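Next comes protein34.csv, a file with CSV, C-alpha atoms.
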chain,number,residue,atom,x,y,z
G,1132,MET,CA,-9.1,91.0,13.8
G,1133,ALA,CA,-11.9,93.3,14.8
G,1134,LEU,CA,-10.1,94.5,17.9
G,1135,VAL,CA,-6.9,95.2,15.9
G,1136,ASN,CA,-8.8,97.3,13.4
G,1137,LYS,CA,-10.4,99.3,16.2
G,1138,LEU,CA,-7.1,99.8,18.0
G,1139,GLN,CA,-5.4,100.9,14.8
G,1140,ARG,CA,-8.1,103.5,14.2
G,1141,GLY,CA,-7.5,104.8,17.7
G,1142,ALA,CA,-11.1,104.1,18.7
G,1143,ALA,CA,-11.8,102.7,22.2
G,1144,PRO,CA,-14.3,99.8,22.2
G,1145,GLN,CA,-17.2,100.5,24.5
G,1146,LYS,CA,-16.9,97.5,26.7
G,1147,ARG,CA,-13.2,96.6,26.2
G,1148,THR,CA,-11.7,99.6,28.0
G,1149,ALA,CA,-9.0,98.3,30.3
G,1150,VAL,CA,-6.3,95.6,30.5
G,1151,LEU,CA,-4.7,94.6,33.8
G,1152,HIS,CA,-1.0,93.7,33.5
G,1153,LEU,CA,0.6,91.8,36.4
G,1154,THR,CA,4.4,91.5,36.7
G,1155,ALA,CA,6.9,91.0,39.6
G,1156,ASP,CA,8.5,94.4,39.1
G,1157,LEU,CA,9.3,97.2,36.6
G,1158,ALA,CA,13.1,97.1,37.0
G,1159,LEU,CA,15.4,97.8,34.1
G,1160,HIS,CA,15.3,94.3,32.6
G,1161,ALA,CA,13.8,92.7,29.5
G,1162,MET,CA,10.4,91.8,31.0
G,1163,GLY,CA,10.0,95.2,32.7
G,1164,ARG,CA,10.8,96.9,29.4
G,1165,GLU,CA,8.3,94.8,27.5
G,1166,VAL,CA,5.5,95.4,29.9
G,1167,VAL,CA,6.0,99.2,29.8
G,1168,ASP,CA,6.3,99.2,26.0
G,1169,LEU,CA,3.1,97.1,25.6
G,1170,ALA,CA,1.3,99.3,28.1
G,1171,ILE,CA,2.3,102.5,26.3
G,1172,GLN,CA,1.2,101.0,22.9
G,1173,THR,CA,-2.1,99.9,24.5
G,1174,HIS,CA,-2.7,103.5,25.8
G,1175,ARG,CA,-1.9,105.0,22.4
G,1176,CYS,CA,-4.4,102.8,20.7
G,1177,GLY,CA,-7.3,103.9,22.9
G,1178,TRP,CA,-7.3,101.4,25.8
G,1179,ARG,CA,-6.5,101.9,29.5
G,1180,PRO,CA,-3.5,99.8,30.6
G,1181,LEU,CA,-3.4,99.1,34.4
G,1182,VAL,CA,-0.1,97.8,35.7
G,1183,ALA,CA,0.5,96.2,39.1
G,1184,SER,CA,4.0,95.4,40.2
G,1185,ALA,CA,6.5,95.9,43.0
G,1186,GLY,CA,7.8,99.0,41.2
G,1187,GLY,CA,11.2,99.8,39.8
G,1188,SER,CA,13.1,102.3,37.7
G,1189,LEU,CA,10.7,102.0,34.7
G,1190,VAL,CA,7.6,103.1,36.7
G,1191,LEU,CA,8.3,106.8,36.1
G,1192,GLU,CA,8.5,106.3,32.3
G,1193,ALA,CA,5.2,104.4,32.4
G,1194,GLU,CA,3.4,107.0,34.5
G,1195,ARG,CA,4.7,109.8,32.2
G,1196,ALA,CA,2.9,108.0,29.3
G,1197,ALA,CA,-0.4,107.9,31.3
G,1198,VAL,CA,-0.1,104.3,32.3
G,1199,ARG,CA,-1.7,103.7,35.7
G,1200,HIS,CA,0.6,101.8,38.1
G,1201,THR,CA,-0.3,100.1,41.4
G,1202,GLN,CA,2.6,99.1,43.6
G,1203,LEU,CA,2.2,95.7,45.1
G,1204,PRO,CA,4.9,93.1,46.0
G,1205,LEU,CA,3.5,90.5,43.6
G,1206,GLY,CA,6.7,88.4,43.6
G,1207,THR,CA,6.4,87.6,47.3
G,1208,THR,CA,6.5,84.1,48.6
G,1209,SER,CA,4.5,85.1,51.8
G,1210,SER,CA,1.0,83.6,52.0
G,1211,TYR,CA,-0.2,86.5,54.0
G,1212,GLN,CA,1.2,89.1,51.6
G,1213,SER,CA,-0.2,87.1,48.6
G,1214,TRP,CA,-3.6,87.3,50.2
G,1215,ARG,CA,-3.3,91.1,50.7
G,1216,ASN,CA,-2.2,91.5,47.1
G,1217,ARG,CA,-5.2,89.6,45.9
G,1218,VAL,CA,-7.6,91.7,48.0
G,1219,HIS,CA,-6.0,94.9,46.6
G,1220,LEU,CA,-6.3,93.6,43.1
G,1221,GLU,CA,-9.9,92.5,43.5
G,1222,LYS,CA,-10.8,96.0,44.6
G,1223,LEU,CA,-8.9,97.4,41.6
G,1224,ILE,CA,-10.8,95.0,39.3
G,1225,GLU,CA,-14.1,96.0,40.8
G,1226,ARG,CA,-13.3,99.7,40.4
G,1227,GLU,CA,-11.7,99.7,36.9
G,1228,ARG,CA,-13.5,96.7,35.3
G,1229,PRO,CA,-10.6,95.4,33.1
G,1230,VAL,CA,-11.7,92.9,30.4
G,1231,LEU,CA,-8.7,90.6,30.7
G,1232,ILE,CA,-5.6,89.9,32.8
G,1233,HIS,CA,-2.1,89.8,31.2
G,1234,ALA,CA,0.3,88.0,33.6
G,1235,HIS,CA,4.0,88.6,32.7
G,1236,GLY,CA,6.3,85.9,34.2
G,1237,PHE,CA,5.8,82.8,36.2
G,1238,GLU,CA,6.1,84.6,39.5
G,1239,VAL,CA,2.7,86.2,39.2
G,1240,LEU,CA,0.9,83.2,37.8
G,1241,GLY,CA,-0.6,81.9,41.1
G,1242,THR,CA,-2.1,85.3,41.8
G,1243,ALA,CA,-3.4,85.7,38.3
G,1244,LEU,CA,-5.1,82.3,38.3
G,1245,LYS,CA,-7.0,83.1,41.5
G,1246,LEU,CA,-8.1,86.4,40.1
G,1247,MET,CA,-9.1,84.7,36.8
G,1248,THR,CA,-11.3,82.2,38.7
G,1249,ARG,CA,-12.8,84.6,41.2
G,1250,ARG,CA,-13.5,87.5,38.8
G,1251,HIS,CA,-14.2,85.4,35.7
G,1252,LEU,CA,-11.7,87.2,33.5
G,1253,PRO,CA,-9.7,85.8,30.5
G,1254,LEU,CA,-6.1,85.3,31.4
G,1255,LEU,CA,-3.0,85.6,29.1
G,1256,VAL,CA,0.2,84.0,30.6
G,1257,ASP,CA,3.3,85.6,29.1
G,1258,LEU,CA,6.4,83.4,29.7
G,1259,THR,CA,9.6,84.8,28.2
G,1260,GLU,CA,12.2,82.8,30.2
G,1261,PRO,CA,12.5,79.1,31.2
G,1262,VAL,CA,10.7,78.0,34.3
G,1263,VAL,CA,12.3,75.6,36.8
G,1264,ILE,CA,11.0,72.1,36.2
G,1265,ASN,CA,9.6,70.6,39.4
G,1266,LYS,CA,6.2,69.3,40.7
G,1267,SER,CA,4.9,72.6,41.9
G,1268,THR,CA,5.6,74.6,38.7
G,1269,THR,CA,4.3,71.7,36.5
G,1270,LYS,CA,1.1,71.6,38.6
G,1271,LEU,CA,0.5,75.3,38.3
G,1272,LEU,CA,1.1,75.4,34.5
G,1273,HIS,CA,-1.2,72.4,34.0
G,1274,LEU,CA,-3.9,74.1,36.2
G,1275,ALA,CA,-3.6,77.3,34.1
G,1276,ALA,CA,-4.0,75.2,30.9
G,1277,ALA,CA,-7.0,73.3,32.3
G,1278,ARG,CA,-8.8,76.5,33.2
G,1279,GLY,CA,-8.5,77.8,29.7
G,1280,ALA,CA,-5.7,80.4,30.1
G,1281,PHE,CA,-3.9,81.5,26.9
G,1282,PHE,CA,-0.1,81.3,26.7
G,1283,ARG,CA,2.3,83.6,24.8
G,1284,VAL,CA,6.0,82.8,24.3
G,1285,PRO,CA,8.6,84.8,22.4
G,1286,SER,CA,10.5,81.9,20.8
G,1287,LEU,CA,10.2,78.4,19.5
G,1288,PHE,CA,12.6,77.3,22.3
G,1289,MET,CA,10.0,78.5,24.9
G,1290,LEU,CA,7.2,76.8,22.9
G,1291,ASN,CA,9.0,73.5,23.1
G,1292,HIS,CA,9.9,74.1,26.7
G,1293,LEU,CA,6.2,74.2,27.7
G,1294,ARG,CA,5.2,71.4,25.4
G,1295,GLU,CA,8.0,68.9,26.0
G,1296,ASP,CA,9.4,69.7,29.4
G,1297,PHE,CA,6.1,70.5,31.1
G,1298,LYS,CA,3.7,68.5,28.8
G,1299,VAL,CA,1.3,71.5,28.7
G,1300,GLN,CA,-1.7,70.5,26.7
G,1301,THR,CA,-3.7,73.4,25.4
G,1302,ASP,CA,-5.0,74.8,22.1
G,1303,HIS,CA,-4.1,78.3,23.3
G,1304,LEU,CA,-0.3,78.3,23.1
G,1305,TYR,CA,1.0,81.1,20.8
G,1306,HIS,CA,4.4,82.0,19.6
G,1307,ILE,CA,4.7,85.8,19.1
G,1308,ARG,CA,8.2,87.2,18.4
G,1309,PRO,CA,9.4,90.1,20.5
G,1310,GLY,CA,9.5,93.5,18.8
G,1311,VAL,CA,12.1,96.3,18.6
G,1312,ASP,CA,11.3,100.0,18.3
G,1313,LEU,CA,13.2,100.7,15.1
G,1314,GLN,CA,12.7,104.4,15.5
G,1315,TRP,CA,14.3,104.5,18.9
G,1316,PHE,CA,17.1,102.2,17.6
G,1317,ASP,CA,17.7,104.3,14.6
G,1318,PRO,CA,21.5,105.0,14.2
G,1319,SER,CA,20.8,108.4,12.8
G,1320,ARG,CA,19.0,109.5,16.0
G,1321,VAL,CA,22.0,108.6,18.3
G,1322,SER,CA,23.5,112.1,18.8
G,1323,PRO,CA,27.2,112.7,19.5
G,1324,GLU,CA,26.2,114.2,22.9
G,1325,ARG,CA,24.6,110.9,24.0
G,1326,ILE,CA,27.6,108.9,22.8
G,1327,HIS,CA,30.0,111.3,24.6
G,1328,ALA,CA,27.9,111.2,27.8
G,1329,LEU,CA,27.9,107.4,27.9
G,1330,SER,CA,31.6,107.1,27.1
G,1331,ASN,CA,32.4,109.4,30.0
G,1332,LEU,CA,30.1,107.6,32.4
G,1333,TRP,CA,31.8,104.3,31.7
G,1334,ARG,CA,35.2,105.9,31.4
G,1335,LEU,CA,36.0,104.1,28.2
G,1336,PRO,CA,39.5,104.3,26.9
G,1337,GLU,CA,39.9,106.3,23.6
G,1338,GLN,CA,40.6,104.4,20.4
G,1339,ALA,CA,39.7,101.1,21.9
G,1340,THR,CA,37.6,98.4,20.2
G,1341,LEU,CA,34.6,97.9,22.4
G,1342,ILE,CA,32.4,94.8,22.9
G,1343,ILE,CA,29.4,94.5,25.2
G,1344,MET,CA,27.8,91.7,27.1
G,1345,ALA,CA,24.6,92.3,29.1
G,1346,THR,CA,23.6,89.1,30.9
G,1347,PRO,CA,23.0,88.5,34.7
G,1348,PHE,CA,26.2,88.0,36.7
G,1349,ALA,CA,25.6,84.3,37.4
G,1350,PRO,CA,27.2,80.9,36.7
G,1351,GLY,CA,26.6,79.7,33.2
G,1352,PHE,CA,26.4,83.1,31.5
G,1353,GLY,CA,29.9,83.2,29.9
G,1354,HIS,CA,31.6,86.0,31.8
G,1355,GLN,CA,34.5,84.0,33.0
G,1356,MET,CA,35.2,82.5,29.6
G,1357,LEU,CA,35.1,86.0,28.0
G,1358,LEU,CA,37.6,87.3,30.6
G,1359,GLU,CA,39.9,84.3,29.8
G,1360,ALA,CA,39.5,85.1,26.0
G,1361,LEU,CA,40.4,88.7,26.6
G,1362,HIS,CA,43.5,87.6,28.6
G,1363,ASP,CA,44.6,85.6,25.5
G,1364,LEU,CA,44.0,88.7,23.3
G,1365,LYS,CA,46.3,91.0,25.1
G,1366,ASP,CA,48.0,91.9,21.8
G,1367,THR,CA,44.8,93.7,20.8
G,1368,ASP,CA,43.0,96.9,21.8
G,1369,LEU,CA,39.9,95.0,22.7
G,1370,CYS,CA,37.9,96.3,25.8
G,1371,ALA,CA,34.7,94.9,27.3
G,1372,VAL,CA,31.7,96.3,29.0
G,1373,LEU,CA,29.9,93.7,31.2
G,1374,ILE,CA,26.5,95.0,32.1
G,1375,GLY,CA,24.7,93.1,34.8
G,1376,GLN,CA,23.8,92.5,38.4
G,1377,ASP,CA,24.4,89.6,40.8
G,1378,LYS,CA,21.2,89.9,42.9
G,1379,GLN,CA,20.3,86.3,42.3
G,1380,HIS,CA,23.9,85.1,42.9
G,1381,PRO,CA,25.5,87.5,45.5
G,1382,GLY,CA,29.3,87.5,45.3
G,1383,MET,CA,29.5,86.8,41.6
G,1384,ARG,CA,30.5,90.4,40.8
G,1385,ALA,CA,33.3,90.3,43.3
G,1386,LYS,CA,34.5,87.0,41.9
G,1387,LEU,CA,34.6,88.5,38.4
G,1388,GLU,CA,36.4,91.5,39.7
G,1389,ARG,CA,39.1,89.3,41.2
G,1390,GLN,CA,39.4,87.5,37.9
G,1391,VAL,CA,39.8,90.8,36.1
G,1392,THR,CA,42.8,91.6,38.4
G,1393,ALA,CA,44.3,88.1,38.1
G,1394,CYS,CA,44.1,88.3,34.3
G,1395,GLY,CA,45.7,91.7,34.2
G,1396,LEU,CA,42.7,93.3,32.6
G,1397,GLU,CA,42.4,96.4,34.7
G,1398,GLY,CA,41.3,99.3,32.5
G,1399,ARG,CA,40.0,97.0,29.8
G,1400,VAL,CA,36.9,95.8,31.5
G,1401,VAL,CA,34.0,98.0,32.8
G,1402,MET,CA,31.1,96.5,34.9
G,1403,PRO,CA,28.1,98.9,35.2
G,1404,GLU,CA,25.0,97.5,36.7
G,1405,ASN,CA,22.6,99.0,34.2
G,1406,CYS,CA,22.5,100.8,30.9
G,1407,MET,CA,20.0,103.6,30.4
G,1408,ASP,CA,20.8,104.3,26.8
G,1409,TRP,CA,21.0,101.1,24.8
G,1410,PRO,CA,21.1,102.7,21.3
G,1411,ALA,CA,24.2,104.7,22.3
G,1412,ALA,CA,25.8,101.7,23.9
G,1413,CYS,CA,25.3,99.6,20.8
G,1414,TRP,CA,26.5,102.4,18.6
G,1415,LEU,CA,29.8,102.5,20.7
G,1416,SER,CA,30.3,98.8,20.4
G,1417,SER,CA,31.9,96.7,17.6
G,1418,ALA,CA,29.9,93.7,18.7
G,1419,VAL,CA,27.4,92.5,21.3
G,1420,LEU,CA,27.8,89.1,22.9
G,1421,ALA,CA,25.5,86.5,24.5
G,1422,LEU,CA,27.7,83.6,25.6
G,1423,ASN,CA,25.3,81.9,28.0
G,1424,ALA,CA,25.3,78.1,28.6
G,1425,MET,CA,22.1,78.6,30.6
G,1426,ALA,CA,19.1,78.7,28.3
G,1427,ARG,CA,17.3,81.9,27.8
G,1428,GLY,CA,13.9,82.5,26.2
G,1429,GLN,CA,14.9,85.7,24.5
G,1430,ALA,CA,17.8,88.2,24.4
G,1431,PRO,CA,16.7,91.8,23.9
G,1432,GLU,CA,20.3,93.1,23.9
G,1433,ILE,CA,21.0,91.0,20.8
G,1434,LEU,CA,18.0,92.4,19.0
G,1435,ALA,CA,19.0,96.0,20.0
G,1436,ALA,CA,22.5,95.5,18.6
G,1437,GLN,CA,21.3,94.3,15.3
G,1438,ALA,CA,18.8,97.1,15.1
G,1439,ILE,CA,21.6,99.7,15.4
G,1440,GLY,CA,23.7,97.7,12.8
G,1441,ARG,CA,26.1,95.8,15.0
G,1442,PRO,CA,27.1,92.2,14.6
G,1443,VAL,CA,26.5,89.8,17.5
G,1444,LEU,CA,28.3,86.7,18.9
G,1445,VAL,CA,25.9,84.2,20.5
G,1446,SER,CA,26.2,80.7,21.9
G,1447,CYS,CA,24.1,78.0,20.4
G,1448,CYS,CA,21.9,77.8,23.5
G,1449,GLY,CA,18.2,78.4,24.2
G,1450,ALA,CA,16.6,80.9,21.9
G,1451,ASN,CA,19.8,82.6,20.8
G,1452,ALA,CA,20.0,81.0,17.3
G,1453,GLU,CA,16.4,82.2,16.6
G,1454,LEU,CA,17.5,85.9,17.1
G,1455,ILE,CA,20.2,86.1,14.4
G,1456,GLU,CA,20.8,85.2,10.8
G,1457,GLU,CA,23.9,83.0,11.1
G,1458,ASN,CA,27.0,84.2,9.1
G,1459,LYS,CA,25.1,87.3,8.0
G,1460,THR,CA,24.2,89.2,11.2
G,1461,GLY,CA,26.4,87.4,13.6
G,1462,TRP,CA,28.4,84.4,14.7
G,1463,LEU,CA,26.7,81.3,16.3
G,1464,LEU,CA,29.3,79.7,18.6
G,1465,PRO,CA,29.4,76.3,20.3
G,1466,ILE,CA,28.6,76.5,24.0
G,1467,GLU,CA,31.6,77.2,26.3
G,1468,ASP,CA,34.1,77.0,23.4
G,1469,LYS,CA,36.8,79.6,24.2
G,1470,ASN,CA,38.8,78.9,21.1
G,1471,ALA,CA,35.8,79.6,18.9
G,1472,LEU,CA,35.1,82.8,20.8
G,1473,ILE,CA,38.7,84.0,20.3
G,1474,LYS,CA,38.5,83.3,16.6
G,1475,ALA,CA,35.2,85.2,16.3
G,1476,LEU,CA,36.6,88.2,18.3
G,1477,ARG,CA,39.6,88.3,15.9
G,1478,ASP,CA,37.2,88.3,13.0
G,1479,VAL,CA,35.4,91.2,14.5
G,1480,LEU,CA,38.7,93.1,15.0
G,1481,ALA,CA,39.6,92.4,11.3
G,1482,MET,CA,36.4,93.8,9.9
G,1483,GLY,CA,37.1,96.7,7.5
G,1484,LEU,CA,34.8,99.7,6.8
G,1485,HIS,CA,33.1,98.2,3.8
G,1486,ARG,CA,32.4,94.9,5.7
G,1487,ARG,CA,31.0,96.8,8.6
G,1488,ILE,CA,28.6,98.8,6.4
G,1489,ASP,CA,27.4,95.5,4.7
G,1490,VAL,CA,26.8,93.9,8.1
G,1491,ALA,CA,24.9,97.0,9.3
G,1492,GLU,CA,22.6,97.0,6.3
G,1493,CYS,CA,22.0,93.2,6.8
G,1494,THR,CA,21.3,93.4,10.5
G,1495,ARG,CA,18.9,96.4,10.1
G,1496,ALA,CA,17.0,94.6,7.3
G,1497,PHE,CA,16.8,91.4,9.4
G,1498,MET,CA,15.2,93.4,12.3
G,1499,GLU,CA,12.8,95.2,10.0
G,1500,GLU,CA,11.6,91.8,8.5
G,1501,MET,CA,11.5,89.6,11.6
G,1502,PHE,CA,11.2,91.8,14.8
G,1503,PRO,CA,9.4,95.1,14.2
G,1504,MET,CA,7.5,96.4,17.2
G,1505,GLU,CA,4.3,96.9,15.1
G,1506,SER,CA,4.2,93.2,14.3
G,1507,TRP,CA,4.6,92.3,18.0
G,1508,ARG,CA,2.0,94.8,19.1
G,1509,ASP,CA,-0.6,93.9,16.5
G,1510,SER,CA,-0.1,90.1,17.1
G,1511,LEU,CA,-0.8,90.7,20.9
G,1512,PHE,CA,-3.8,92.8,20.2
G,1513,ALA,CA,-5.2,90.1,17.8
G,1514,LEU,CA,-4.6,87.6,20.6
G,1515,TYR,CA,-6.6,89.8,23.0
G,1516,ASP,CA,-9.4,89.9,20.5
G,1517,ARG,CA,-9.3,86.1,20.2
G,1518,MET,CA,-9.5,85.7,24.0
G,1519,LEU,CA,-12.4,88.0,24.3
G,1520,ARG,CA,-14.3,86.2,21.6
G,1521,THR,CA,-13.7,82.7,23.2
G,1522,ASP,CA,-17.0,81.6,24.8
G,1523,ALA,CA,-15.6,79.1,27.4
G,1524,PRO,CA,-12.2,80.4,28.5
G,1525,ARG,CA,-12.1,78.9,32.0
G,1526,GLN,CA,-13.5,75.3,31.7
G,1527,LYS,CA,-11.5,72.7,33.6
G,1528,THR,CA,-11.2,70.4,30.6
G,1529,LYS,CA,-8.0,69.1,29.1
G,1530,ARG,CA,-7.3,70.0,25.5
G,1531,SER,CA,-5.1,68.3,23.0
G,1532,ALA,CA,-1.7,69.8,22.3
G,1533,ALA,CA,-1.6,72.6,19.7

I'd like the structure from this file rewritten - as structure tokens, please.
Amino acid sequence: MALVNKLQRGAAPQKRTAVLHLTADLALHAMGREVVDLAIQTHRCGWRPLVASAGGSLVLEAERAAVRHTQLPLGTTSSYQSWRNRVHLEKLIERERPVLIHAHGFEVLGTALKLMTRRHLPLLVDLTEPVVINKSTTKLLHLAAARGAFFRVPSLFMLNHLREDFKVQTDHLYHIRPGVDLQWFDPSRVSPERIHALSNLWRLPEQATLIIMATPFAPGFGHQMLLEALHDLKDTDLCAVLIGQDKQHPGMRAKLERQVTACGLEGRVVMPENCMDWPAACWLSSAVLALNAMARGQAPEILAAQAIGRPVLVSCCGANAELIEENKTGWLLPIEDKNALIKALRDVLAMGLHRRIDVAECTRAFMEEMFPMESWRDSLFALYDRMLRTDAPRQKTKRSAA
């Protein structure tokens, strides 16, 4: 814990000055948000965070906080471009002398492993979402474990994913819960101006009961089932905001738009690509949903909703159940069960003022206990300290499962 104490005092250790973060991009998604938050926290505690990525909408925020960003297409599948990336990164390492590499996401693991080996630096592999199971991904994860890389996952689901699905054998596999900035997600700080601006941007109908779902537009994420449920709830004032993109599955947005028309839901469904003000969005909503049948390793929108004081409706899939307190902060629903969803939505509509206040107090207390940003930050800094005190971090020897 020596490193944590030094960081908390704001003193920069003499030889532990910089951390190199690698990630595919800094777009407005969960991983990009986490990378920027961690880099900012690292800077505030006296270290120098260096971030390399393909860029994105969060780069400006990072640079405003004095985080140094290098733009490289790290998510590329081109061998030539991967070689160029490695050359640029080796020059960056030679110049800035980082003491460790923190790789966020499987996409950058290959590059990170080569840098780890060539530059003799400790490596932390941060895996927040499930990885496709095949021979190449398994081989790469086993190689990382054999070379002594450390692994961090945000949920027990991801821990079991690596241990059981990939048979990763290492003593350095750590479960560190994600953290939420409870000051930013403080209901008292959400001004009427922010609420009004977001309501106008989304052209929300007045006096409607709003629900939000923010998952990628892709098969298996529950959008079609939700639209069917809304069609069956035409006797209510329920409206939905579906926040997402279909970059991985082009045409999915158009398919959902056609379903909105076929179900007669025009004016009751809004589909923005991004949300720049999550506290205001959660404040406007009566509930936030995650109805995925495809497993996810974490769901930051579910944590954000509970931090503001809103209940959540989640499917019993992936890490969702770990992020709520069932029957207290939200509903845990069977996968792809439309009838259960309709019942839960009617329960949301029926909640009175006193019930909503009780739920808000419960959700906020749950976040303060289980997912504070300070706990996430200090746990990662303690892991950095452990990595830097490990004498043989890159030996090609198999370890027993943790």

Practice prompt. Around the point (4.7, 89.6, 39.8) in the file's coordinates, collect all residues with an atom within 6 Å, using all atoms listed in the file, and return them as a PyMOL selection string.
Written response: chain G and resi 1153-1155+1184+1205-1206+1238-1239

Next, the residues of the selection above should be written as a PDB file, in the frame of the given file with C-alpha atoms.
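Produced file out_9.pdb, reproduced below:
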ATOM      1  CA  LEU G1153       0.600  91.800  36.400  1.00  0.00           C
ATOM      2  CA  THR G1154       4.400  91.500  36.700  1.00  0.00           C
ATOM      3  CA  ALA G1155       6.900  91.000  39.600  1.00  0.00           C
ATOM      4  CA  SER G1184       4.000  95.400  40.200  1.00  0.00           C
ATOM      5  CA  LEU G1205       3.500  90.500  43.600  1.00  0.00           C
ATOM      6  CA  GLY G1206       6.700  88.400  43.600  1.00  0.00           C
ATOM      7  CA  GLU G1238       6.100  84.600  39.500  1.00  0.00           C
ATOM      8  CA  VAL G1239       2.700  86.200  39.200  1.00  0.00           C
TER       9      VAL G1239
END

Fill in: Between CA of Leu1258 in chain G and CA of Val1284 in chain G - distance in Å to one decimal
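CA of Val1284 in chain G sits 5.4 Å away from CA of Leu1258 in chain G.
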
Fill in: Pairwise distance for CA of Leu1255 in chain G and CA of Glu1225 in chain G, rounded to one decimal in Å
19.2 Å

Fill in: Exercise: Thr1173 in chain G partners within 9 Å, only C-alpha atoms, chain neighbours under 5 positions left out, as number ranges by chain
G: 1138, 1150, 1168, 1178-1180, 1508, 1512

Worksheet item: Neighbours of Ala1450 in chain G within 6 Å (all atoms listed in the file; same-chain residues fewer than 5 positions away dropped), as a ChimeraX atom specification?
Response: /G:1288,1428-1429

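Using all atoms listed in the file, the shortest contact distance between Leu1396 in chain G and any of G:Ala1360, G:Asn1423, G:Val1182, G:Asp1489 is found at G:Ala1360.
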
Item to complete: List the neighbours of Arg1228 in chain G out to 10 Å using only C-alpha atoms; skip same-chain residues closer than 2 positions along the sequence, and give me the result as a list of chain:residue names.
Response: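 Near Arg1228 in chain G, the qualifying residues are G:Lys1146, G:Arg1147, G:Thr1148, G:Ala1149, G:Val1150, G:Leu1151, G:Glu1221, G:Lys1222, G:Leu1223, G:Ile1224, G:Glu1225, G:Arg1226, G:Val1230, G:Leu1231, G:Arg1250, G:Leu1252.
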
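Pairwise distance (CA of Arg1249 in chain G, CA of His1174 in chain G) equals 26.4 Å.
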
Show me, as a tab-separated table, the residues of range 1392-1471 of chain G having an atom within 9 Å of range 1308-1323 of chain G, each with the closest atom pair and its distance in Å, using all atoms listed in the file.
residue	atom	partner	partner_atom	distance
G:Trp1409	CA	G:Phe1316	CA	8.3
G:Pro1410	CA	G:Phe1316	CA	5.5
G:Ala1411	CA	G:Val1321	CA	6.0
G:Trp1414	CA	G:Pro1318	CA	7.1
G:Gln1429	CA	G:Pro1309	CA	8.1
G:Pro1431	CA	G:Pro1309	CA	8.2
G:Leu1434	CA	G:Val1311	CA	7.1
G:Ala1435	CA	G:Phe1316	CA	6.9
G:Ala1436	CA	G:Phe1316	CA	8.7
G:Ala1438	CA	G:Phe1316	CA	5.9
G:Ile1439	CA	G:Pro1318	CA	5.4
G:Gly1440	CA	G:Pro1318	CA	7.8

Worksheet item: Which is closest to Asn1291 in chain G among G:Met1482, G:Gly1449, G:Ala1196, G:Ala1412, if we use all atoms listed in the file?
Response: G:Gly1449

May I have the residues within 8 Å of range 1384-1394 of chain G as a PDB file with C-alpha atoms, keeping the file's coordinate frame, using all atoms listed in the file and disregarding those fewer than 6 positions away in the same chain?
ATOM      1  CA  PHE G1348      26.200  88.000  36.700  1.00  0.00           C
ATOM      2  CA  HIS G1354      31.600  86.000  31.800  1.00  0.00           C
ATOM      3  CA  GLN G1355      34.500  84.000  33.000  1.00  0.00           C
ATOM      4  CA  LEU G1358      37.600  87.300  30.600  1.00  0.00           C
ATOM      5  CA  GLU G1359      39.900  84.300  29.800  1.00  0.00           C
ATOM      6  CA  HIS G1362      43.500  87.600  28.600  1.00  0.00           C
ATOM      7  CA  GLN G1376      23.800  92.500  38.400  1.00  0.00           C
ATOM      8  CA  ASP G1377      24.400  89.600  40.800  1.00  0.00           C
ATOM      9  CA  VAL G1400      36.900  95.800  31.500  1.00  0.00           C
TER      10      VAL G1400
END

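Distance check against Ser1188 in chain G using all atoms listed in the file: of G:Asn1405, G:Thr1340, G:Asn1451, G:Asn1265, the minimum falls on G:Asn1405.
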
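Nearest to Glu1165 in chain G of all the residues G:Arg1294, G:His1235, G:Lys1469, G:Arg1399 is G:His1235, counting all atoms listed in the file.
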
Discussion item. Measuring between only C-alpha atoms, which one of G:Arg1486, G:His1380, G:Pro1403, G:Gly1353 shows the shortest distance to Val1445 in chain G?
Written reply: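 With only C-alpha atoms as the atom set, the closest residue is G:Gly1353.
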
Worksheet item: Which of these residues is nearest to Asp1509 in chain G, using all atoms listed in the file: G:Phe1297, G:Leu1240, G:Ile1307, G:Thr1207?
Response: G:Ile1307

Practice prompt. List the neighbours of range 1452-1468 of chain G out to 7 Å using all atoms listed in the file; skip same-chain residues closer than 2 positions along the sequence, and give me the result as number ranges by chain.
Written response: G: 1424, 1434, 1442-1448, 1450, 1470-1472, 1490, 1493-1494
